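One structure is given here, and the rest of the page talks about it.
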Amino acid sequence: MKDTFRYQGLRKRLVSELAAAGIKDKKVLDAIEKIPRHYFMDSTFEEDAYENKPFPIGRGQTISNPYTVAYQTELLELKEGDKVLEIGTGSGYQAAVLAELKAKVYSIERHQPLSDQAKKVLEFAGYGDVQAFFGDGFAGLPLEAPFDKILITAAAPEIPNQLLQQLKINGVIIIPFGEGDRQQMIRIKRLGNSDYEKETFDYFTFVPMLKGVQD
Ligand code: SAH
């Protein structure tokens, strides 16, 4: 795998499309401009990696489209050094974006082969500090908790209580909430031990967040 001037040019174009679509956070746009998304995709689709589209990554899963990645990342309002838990490593691309923004990234994936592949490509792309785990995201990572931020990248049929418990006070969790064809993006901030504040945002379409693991 290699990066090329052509791909760098296509990323510039993609980033201006994302800005035109409403993404404002310059750091998020810079991260997307920098990271070779095609590294995280099957070579079959490599030529189209800088289209604003999702692509298959195996096991019936997809790499999210760049607008969705940018939107979710912007909602996180990351600060340097934030401890972030991602649910649904998938290709590893979103984890790379978080790492590029200088977060300390933990990520969980329920499909063993996807988790293994993501670890390899993250290392190759220079994001070997990301800690990728094979497991069920509904349980979170109790041993590493609490987190400043939690990002769910699959459609959650419910608000996972164990994840709320793993947030720091003033921590936030982003959840594509709901089943079926579309999910509403919600952001929940933990204000106190059992005091939470919820905001709602736009609708998106995600693959489902499922219980248990698949090896
Ligand atoms: N963030 C990914 C998007 C992958 S799609 C990327 O940048 O490529 C969502 C992923 O969530 C899929 O790989 C799916 O297998 C995973 N997933 C679904 N339910 C899960 C769960 N309970 N725990 C961990 N991962 C889960």
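Naming works like this for the structure tokens: A, B, ... for the chains as they're shown, residue 1 at the start of each chain, ligands 1 onward in shown order.
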For range 18-135 of chain A against range 177-193 of chain A, with a cut-off of 12 Å and counting only C-alpha atoms, what is the closest atom pair and its distance in Å to one decimal for every residue that makes the cut, ordered by chain and number, as a Markdown table?
| residue | atom | partner | partner_atom | distance |
| --- | --- | --- | --- | --- |
| A:Thr68 | CA | A:Met185 | CA | 10.2 |
| A:Tyr71 | CA | A:Met185 | CA | 9.6 |
| A:Gln72 | CA | A:Met185 | CA | 8.3 |
| A:Thr73 | CA | A:Arg187 | CA | 11.7 |
| A:Glu74 | CA | A:Arg187 | CA | 11.4 |
| A:Leu75 | CA | A:Arg187 | CA | 7.7 |
| A:Leu76 | CA | A:Arg187 | CA | 8.5 |
| A:Glu77 | CA | A:Arg187 | CA | 11.1 |
Would you export the selected residues with N, CA and C atoms as a CSV table (one decimal), in the first residue's frame, please?
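Result file is part_5.csv:
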chain,number,residue,atom,x,y,z
A,68,THR,N,-20.0,11.1,7.9
A,68,THR,CA,-20.4,10.6,9.2
A,68,THR,C,-19.3,10.6,10.2
A,71,TYR,N,-18.6,14.1,11.2
A,71,TYR,CA,-19.8,14.6,12.0
A,71,TYR,C,-19.7,14.1,13.5
A,72,GLN,N,-19.4,12.8,13.6
A,72,GLN,CA,-19.3,12.2,14.9
A,72,GLN,C,-18.1,12.7,15.7
A,73,THR,N,-17.0,12.9,14.9
A,73,THR,CA,-15.8,13.3,15.6
A,73,THR,C,-16.0,14.8,16.1
A,74,GLU,N,-16.6,15.6,15.2
A,74,GLU,CA,-16.8,17.0,15.6
A,74,GLU,C,-17.7,17.1,16.9
A,75,LEU,N,-18.7,16.2,17.0
A,75,LEU,CA,-19.6,16.2,18.2
A,75,LEU,C,-18.8,15.8,19.5
A,76,LEU,N,-17.7,15.1,19.3
A,76,LEU,CA,-17.0,14.7,20.5
A,76,LEU,C,-16.3,15.8,21.2
A,77,GLU,N,-16.0,16.9,20.4
A,77,GLU,CA,-15.3,18.1,20.9
A,77,GLU,C,-14.0,17.6,21.7
Compile the contact shell of range 43-60 of chain A as a ChimeraX atom specification: residues with an atom at most 12 Å away, counting only C-alpha atoms, same-chain residues fewer than 5 positions apart removed.
/A:1-4,6-18,21,32-33,35-38,65-70,89-93,109-115,117-118,204-208,214-215
Restrict the selected residues to C-alpha atoms and save them as an mmCIF file, in the first residue's frame.
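File out18.cif, as written:
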data_model
loop_
_atom_site.group_PDB
_atom_site.id
_atom_site.type_symbol
_atom_site.label_atom_id
_atom_site.label_comp_id
_atom_site.auth_asym_id
_atom_site.auth_seq_id
_atom_site.Cartn_x
_atom_site.Cartn_y
_atom_site.Cartn_z
ATOM 1 C CA MET A 1 0.000 0.000 0.000
ATOM 2 C CA LYS A 2 1.222 3.475 -0.746
ATOM 3 C CA ASP A 3 -0.065 7.018 -0.722
ATOM 4 C CA THR A 4 0.224 9.073 -3.918
ATOM 5 C CA ARG A 6 -3.287 11.745 -6.756
ATOM 6 C CA TYR A 7 -4.831 10.391 -3.546
ATOM 7 C CA GLN A 8 -3.594 13.449 -1.635
ATOM 8 C CA GLY A 9 -5.348 15.633 -4.194
ATOM 9 C CA LEU A 10 -8.542 13.593 -3.922
ATOM 10 C CA ARG A 11 -8.442 14.006 -0.133
ATOM 11 C CA LYS A 12 -8.218 17.785 -0.516
ATOM 12 C CA ARG A 13 -11.307 17.676 -2.712
ATOM 13 C CA LEU A 14 -13.119 15.431 -0.220
ATOM 14 C CA VAL A 15 -12.312 17.806 2.629
ATOM 15 C CA SER A 16 -13.733 20.771 0.735
ATOM 16 C CA GLU A 17 -16.913 18.746 0.116
ATOM 17 C CA LEU A 18 -17.158 17.990 3.843
ATOM 18 C CA ALA A 21 -21.662 20.019 3.817
ATOM 19 C CA ILE A 32 -9.196 13.595 7.187
ATOM 20 C CA GLU A 33 -6.938 15.374 4.726
ATOM 21 C CA ILE A 35 -5.015 10.052 6.711
ATOM 22 C CA PRO A 36 -4.908 7.710 3.699
ATOM 23 C CA ARG A 37 -8.423 6.251 3.936
ATOM 24 C CA HIS A 38 -7.599 3.764 1.180
ATOM 25 C CA ASN A 65 -18.695 7.459 4.976
ATOM 26 C CA PRO A 66 -16.288 10.330 5.667
ATOM 27 C CA TYR A 67 -19.086 12.836 6.382
ATOM 28 C CA THR A 68 -20.404 10.582 9.155
ATOM 29 C CA VAL A 69 -16.890 10.123 10.567
ATOM 30 C CA ALA A 70 -16.332 13.892 10.522
ATOM 31 C CA THR A 89 -13.386 -0.609 15.346
ATOM 32 C CA GLY A 90 -14.407 -1.936 11.920
ATOM 33 C CA SER A 91 -11.673 -0.883 9.502
ATOM 34 C CA GLY A 92 -9.798 1.187 12.093
ATOM 35 C CA TYR A 93 -10.250 4.425 10.119
ATOM 36 C CA GLU A 109 -14.765 -4.789 17.735
ATOM 37 C CA ARG A 110 -17.000 -7.889 17.979
ATOM 38 C CA HIS A 111 -15.635 -9.573 14.803
ATOM 39 C CA GLN A 112 -12.228 -11.110 15.483
ATOM 40 C CA PRO A 113 -10.907 -10.927 11.861
ATOM 41 C CA LEU A 114 -11.884 -7.246 11.562
ATOM 42 C CA SER A 115 -10.198 -6.479 14.867
ATOM 43 C CA GLN A 117 -6.927 -6.546 10.403
ATOM 44 C CA ALA A 118 -7.585 -3.116 11.974
ATOM 45 C CA PHE A 204 -27.799 8.677 9.737
ATOM 46 C CA THR A 205 -27.728 5.025 8.718
ATOM 47 C CA PHE A 206 -25.448 2.591 10.540
ATOM 48 C CA VAL A 207 -24.969 -1.172 10.666
ATOM 49 C CA PRO A 208 -26.509 -2.567 13.863
ATOM 50 C CA GLN A 214 -18.012 -13.590 16.373
ATOM 51 C CA ASP A 215 -14.663 -15.318 15.855
#
Given only C-alpha atoms as the counted atoms, nearest of A:Phe124, A:Phe5, A:Phe201, A:Tyr106 to Phe40 in chain A:
A:Phe124
For CA of Lys26 in chain A and CA of Ala154 in chain A, the interatomic separation in Å (one decimal):
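Here the two named atoms are 25.1 Å from each other.
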Can you tell me how far CA of Gly22 in chain A sits from CA of Glu80 in chain A, in Å to one decimal?
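Distance reported for this atom pair: 23.1 Å.
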Pick out the closest residue to Ala99 in chain A from this set: A:Ile150, A:Val84, A:Ala20, A:Ile63. Count only C-alpha atoms.
A:Val84
Sel. of strand (DSSP E or B) residues, range 118-184 of chain A, as a VMD selection string
chain A and resid 131 to 134 147 to 152 155 to 156 167 to 177 183 to 184
Quick check for you: according to DSSP on this backbone, which residues of range 1-211 of chain A are classed as helix (DSSP H, G or I)? Reply as a ChimeraX atom specification.
/A:5-20,26-34,37-40,43-48,66-76,93-100,112-124,137-139,161-165
Could you tell me how far CA of Lys34 in chain A lies from CA of Ala96 in chain A, in Å and to one decimal?
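CA of Ala96 in chain A lies 10.4 Å from CA of Lys34 in chain A.
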Select, from A:Ala125, A:Leu85, A:Leu167, A:Ala155, the residue with the minimum atom-to-atom distance to ligand 1, counting only C-alpha atoms and all ligand atoms.
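Of all the options, A:Ala155 lies closest to ligand 1.
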For ligand 1, the nearest of the candidates A:Lys119, A:Lys198, A:Lys27, A:Lys102, counting only C-alpha atoms and all ligand atoms:
A:Lys119
Find the residue from A:Val172, A:Tyr39, A:Ser107, A:Lys149 that sits nearest to ligand 1; use only C-alpha atoms and all ligand atoms when measuring.
A:Ser107
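Near Ile152 in chain A, within a cut-off of 8 Å and counting only C-alpha atoms, sit the residues Glu86, Ile87, Gly88, Ala156, Ile173, Ile174, Ile175 and Pro176 of chain A, with same-chain residues fewer than 4 positions away left out.
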Residue with the minimum atom-to-atom distance to ligand 1, picked from A:Asp30, A:Asp136, A:Asp116, A:Glu123 with only C-alpha atoms and all ligand atoms counted, is A:Asp136
Just the residues within 9 Å of Gln165 in chain A, please, counting only C-alpha atoms, with nothing from its chain fewer than 3 positions along; format it as a ChimeraX atom specification.
/A:145-146,161-162,168,193-194
Could you list, as a list of chain:residue names, every residue within 8 Å of Phe138 in chain A, counting only C-alpha atoms and ignoring same-chain residues fewer than 4 positions away?
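Contacts, in chain order: A:Pro160, A:Gln162, A:Leu163, A:Lys211.
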Kindly save the residues from that selection, with N, CA and C atoms included, as a CSV table (one decimal), in the first residue's frame.
chain,number,residue,atom,x,y,z
A,160,PRO,N,-26.7,2.0,26.0
A,160,PRO,CA,-26.0,1.0,26.8
A,160,PRO,C,-25.6,1.5,28.2
A,162,GLN,N,-24.0,0.2,30.7
A,162,GLN,CA,-22.7,0.0,31.2
A,162,GLN,C,-21.7,1.0,30.6
A,163,LEU,N,-22.0,1.6,29.4
A,163,LEU,CA,-21.2,2.6,28.9
A,163,LEU,C,-21.4,3.9,29.6
A,211,LYS,N,-25.2,-7.8,20.1
A,211,LYS,CA,-24.6,-8.4,21.3
A,211,LYS,C,-23.7,-9.6,21.0
